[in-house]
Number of protein chains: 2
Amino acid sequence: MKIEKYNINLEKAIKLIKKKEYKIIGIQIPDGLKGYILKIVEYLETKISSKILIISDPCFGACDIANYELKNLGLEFIIHIGHMPLLKNEEILIPTIFINAHSILNIKNVVKKSIPLLEGKTIGVVTTAQHIENIENVLEILKDNNLNPIISKGDNRIFCDGQILGCNLSSGMKIKKDVDSYLFIGSGNFHPIGLLICSKKPVIAADPYTNSIKKEELYKLRDKILKQRYGLIASSLNSKKFGIIIGIKRGQQRMELANKIKKMIDSSKKKSFFIAIDVFSSSSMHGFRDIDCLVSTSCPRIAIDDFIQYKIPILTPIELEIVLGLRKWEDYVFDQI
Amino acid sequence: MKIEKYNINLEKAIKLIKKKEYKIIGIQIPDGLKGYILKIVEYLETKISSKILIISDPCFGACDIANYELKNLGLEFIIHIGHMPLLKNEEILIPTIFINAHSILNIKNVVKKSIPLLEGKTIGVVTTAQHIENIENVLEILKDNNLNPIISKGDNRIFCDGQILGCNLSSGMKIKKDVDSYLFIGSGNFHPIGLLICSKKPVIAADPYTNSIKKEELYKLRDKILKQRYGLIASSLNSKKFGIIIGIKRGQQRMELANKIKKMIDSSKKKSFFIAIDVFSSSSMHGFRDIDCLVSTSCPRIAIDDFIQYKIPILTPIELEIVLGLRKWEDYVFDQI
């Protein structure tokens, strides 16, 4: 079905629900699309007779699979809207279909606008799930302008060629050596700035929603973020008690990394504690009055996006290495899973 | 171990962990006790060699059992501090021991202070988990003052005689006919006001933390809350689209009630949607831009405690009955599970 700027194709899910005769199903949807959910439910009600539960807990990404306790409410199946699959089927405890919310905005204009700003001939093209169906069009436009666009498969967390996540830039980084610059199609600054920092290659961001291009602005934002990170690292140098955040969400569990970090901290004669969290919030952290510094092995965006909410520094594992003198500031990169 | 105002006896848990040779254990603790958690972990580290994960997601009550995804991190056992058991063992997916945080405050003074305010001879005594070990002392003091104190078992959600929960006043309500007034030992207003509204008997609240007594103040607070609830009910009369909140936490799942409510709403020619939520937050609700009114079948405190956070009215099932003309305002009571 088409809803405003999106095409959300529910037919495959409907077919499956009918075939399996599911009595109770759930829907997960990111906050940004929540405004459409009643229309989606009303559409589904015309097609299937299952009881439909809107699952309202945060759904930032494909890591946010449904709570297993829902099984006890009789839930048999989940429609997860707006993200591409990330986990293996056997890691998902309630059968789930991932349905993309494809942007139906025309990307032609914004891609053309980006061309004068691209550097060199070979352009790495990356984008987020909602524009992934347009990636072939992007490549064609670039080719028509005598450029050599390339895309890459990424690692096993990446579902579509050329797709990047806030926590995974592999489809960009794998072609780092080959490209002269990157074209990122999408909105938000986190993805292109991550790519800029990690690849050290020029990145041009083309936003189909606002029909605008960013290049210089990204450098400025990068510098601002790096300054903030540097400040947080500096203010953590004398920390004595560390909290090591472990993500409970399946796609964010990095127990091995957490163990490695604990060893690193303990052998620096500082004290550390494991703190497991499902949904991160500043209020869930405020109670730990004796912790001086947090290190997050959970979603890499937590430390970067939300640092201002926390009274104490919250670092990525990369940043902790700098604090402990195990990495140089010059080798700073964004944390990825 | 004694920590400030509490006695938290961890020995039974330690014995069990040693016996079962658990490699990885978790600790859950309410926000109010989080400041003590590092001391608790450091104490446990001197007794057991298991890896210890502090589980930091909200832990408002015994409903907040650990997330099943923790099993995948190797977690074998949970120490849940500060609440008495509520669920059956088979409902808890990771083996859990509930350990009370007993208040070590002397209740003598505050109970004596309450005596002139108690009405009649037969006094129903109720309290919360942290003072439950003192309940025999309370009864003795009352008896010494020629009163006839009684306590009751409560229903199957209640672990100790005389204990009440925010969602369950049964150990008070079961003796309603027999008592002239109630003595509540504890802090906070939710429990005694709930009892005041539901029993329509005088309630005197004695707070061992502040060493203060409330009686008139409770009536005023009750009137304030009832006014707020009346206002919310009035503002919901023209609502067309209802969201029926279903709690995902095992102890808050009331699917049958949710189904009943859906039937009630649908037969009033209004539209309703099921919304399942684990951790309730105002931000998780703001996205539902077309919902006019929420009805919560989840934790009964959500509607009452947090109503100010929501842009739209959030009602209890009891209040919805009033909105739909199925109950009189005179028969208003607090929702209980």
# chains A, B, ... in the order shown; residues from 1 in each chain; ligands from 1
>>> closest_atom_pairs(of="chain B", to="chain A", cutoff="6 Å", atoms="only C-alpha atoms", output="Markdown table")
| residue | atom | partner | partner_atom | distance |
| --- | --- | --- | --- | --- |
| B:Asp31 | CA | A:Gly287 | CA | 6.0 |
| B:Lys34 | CA | A:Gly287 | CA | 5.1 |
| B:Gly35 | CA | A:Phe288 | CA | 5.4 |
| B:Leu53 | CA | A:Phe274 | CA | 5.0 |
| B:Ile54 | CA | A:Ile275 | CA | 4.6 |
| B:Ile55 | CA | A:Ala276 | CA | 4.8 |
| B:Ser56 | CA | A:Ile277 | CA | 5.4 |
| B:Asp57 | CA | A:Ile277 | CA | 5.6 |
| B:Phe274 | CA | A:Leu53 | CA | 5.0 |
| B:Ile275 | CA | A:Ile54 | CA | 4.6 |
| B:Ala276 | CA | A:Ile55 | CA | 4.7 |
| B:Ile277 | CA | A:Ser56 | CA | 5.3 |
| B:Gly287 | CA | A:Lys34 | CA | 5.1 |
| B:Phe288 | CA | A:Gly35 | CA | 5.4 |
| B:Arg289 | CA | A:Gly35 | CA | 5.5 |
>>> residues_around(residues="A:Ser50", least_positions_apart="4", cutoff="7 Å", atoms="only C-alpha atoms", output="PyMOL selection string")
chain A and resi 22-25
>>> residues_around(residues="B:Cys167", least_positions_apart="6", cutoff="7 Å", atoms="only C-alpha atoms", output="VMD selection string")
chain B and resid 299 to 300 336 to 337
>>> closest_atom_pairs(of="stretch 164-216 of chain A", to="stretch 106-120 of chain A", cutoff="9 Å", atoms="only C-alpha atoms", output="Markdown table")
| residue | atom | partner | partner_atom | distance |
| --- | --- | --- | --- | --- |
| A:Val179 | CA | A:Gly120 | CA | 8.1 |
| A:Asp180 | CA | A:Gly120 | CA | 5.1 |
| A:Ser181 | CA | A:Glu119 | CA | 5.5 |
| A:Tyr182 | CA | A:Leu118 | CA | 7.5 |
| A:Leu183 | CA | A:Leu118 | CA | 7.4 |
| A:Ile185 | CA | A:Val111 | CA | 8.1 |
| A:Pro202 | CA | A:Glu119 | CA | 7.2 |
| A:Val203 | CA | A:Leu118 | CA | 8.0 |
| A:Ile204 | CA | A:Leu118 | CA | 6.7 |
| A:Ala205 | CA | A:Ser114 | CA | 7.9 |
| A:Ala206 | CA | A:Val110 | CA | 6.0 |
| A:Asp207 | CA | A:Val110 | CA | 6.9 |
| A:Pro208 | CA | A:Ile107 | CA | 5.6 |
| A:Tyr209 | CA | A:Ile107 | CA | 9.0 |
| A:Thr210 | CA | A:Val110 | CA | 8.9 |
| A:Asn211 | CA | A:Val110 | CA | 5.3 |
| A:Ser212 | CA | A:Val110 | CA | 6.5 |
| A:Ile213 | CA | A:Ser114 | CA | 6.2 |
| A:Lys214 | CA | A:Ser114 | CA | 8.6 |
| A:Lys215 | CA | A:Leu117 | CA | 7.6 |
>>> select_by_dssp(residues="stretch 125-226 of chain A", states="helix (DSSP H, G or I)", output="VMD selection string")
chain A and resid 129 to 144 170 to 173 190 to 199 216 to 226
>>> closest_atom_pairs(of="stretch 93-123 of chain A", to="stretch 135-153 of chain A", cutoff="6 Å", atoms="only C-alpha atoms", output="JSON lines")
{"residue": "A:Lys121", "atom": "CA", "partner": "A:Leu147", "partner_atom": "CA", "distance": 5.1}
{"residue": "A:Thr122", "atom": "CA", "partner": "A:Asn148", "partner_atom": "CA", "distance": 4.6}
{"residue": "A:Ile123", "atom": "CA", "partner": "A:Pro149", "partner_atom": "CA", "distance": 4.5}
>>> write_last_selection(atoms="all heavy atoms", output="compact mmCIF listing (two decimals), in the first residue's frame")
# COMPACT_ATOMS: atom_id res chain seq x y z
N LYS A 121 36.49 10.04 -10.34
CA LYS A 121 35.69 9.30 -11.33
C LYS A 121 34.90 8.17 -10.69
O LYS A 121 33.76 7.90 -11.06
CB LYS A 121 36.65 8.68 -12.37
CG LYS A 121 36.90 9.53 -13.60
CD LYS A 121 35.97 9.08 -14.71
CE LYS A 121 36.06 9.97 -15.94
NZ LYS A 121 34.76 10.17 -16.56
N THR A 122 35.57 7.50 -9.74
CA THR A 122 34.96 6.29 -9.18
C THR A 122 34.22 6.63 -7.88
O THR A 122 34.80 7.09 -6.91
CB THR A 122 36.04 5.22 -8.90
OG1 THR A 122 36.76 5.00 -10.12
CG2 THR A 122 35.42 3.93 -8.42
N ILE A 123 32.92 6.43 -7.95
CA ILE A 123 32.05 6.88 -6.86
C ILE A 123 31.44 5.68 -6.14
O ILE A 123 30.75 4.86 -6.77
CB ILE A 123 30.91 7.78 -7.41
CG1 ILE A 123 31.44 8.84 -8.39
CG2 ILE A 123 30.09 8.39 -6.26
CD1 ILE A 123 32.41 9.84 -7.81
>>> atom_distance(atom1="atom CA of A:Leu294", atom2="atom CA of A:Gly172")
29.0 Å
>>> atom_distance(atom1="atom CA of A:Asp64", atom2="atom CA of A:Lys5")
23.4 Å
>>> select_by_dssp(residues="stretch 123-333 of chain A", states="strand (DSSP E or B)", output="PyMOL selection string")
chain A and resi 123-127+148-150+163+165+168+181-185+203-207+212-214+241-247+271-277+293-296+314-315
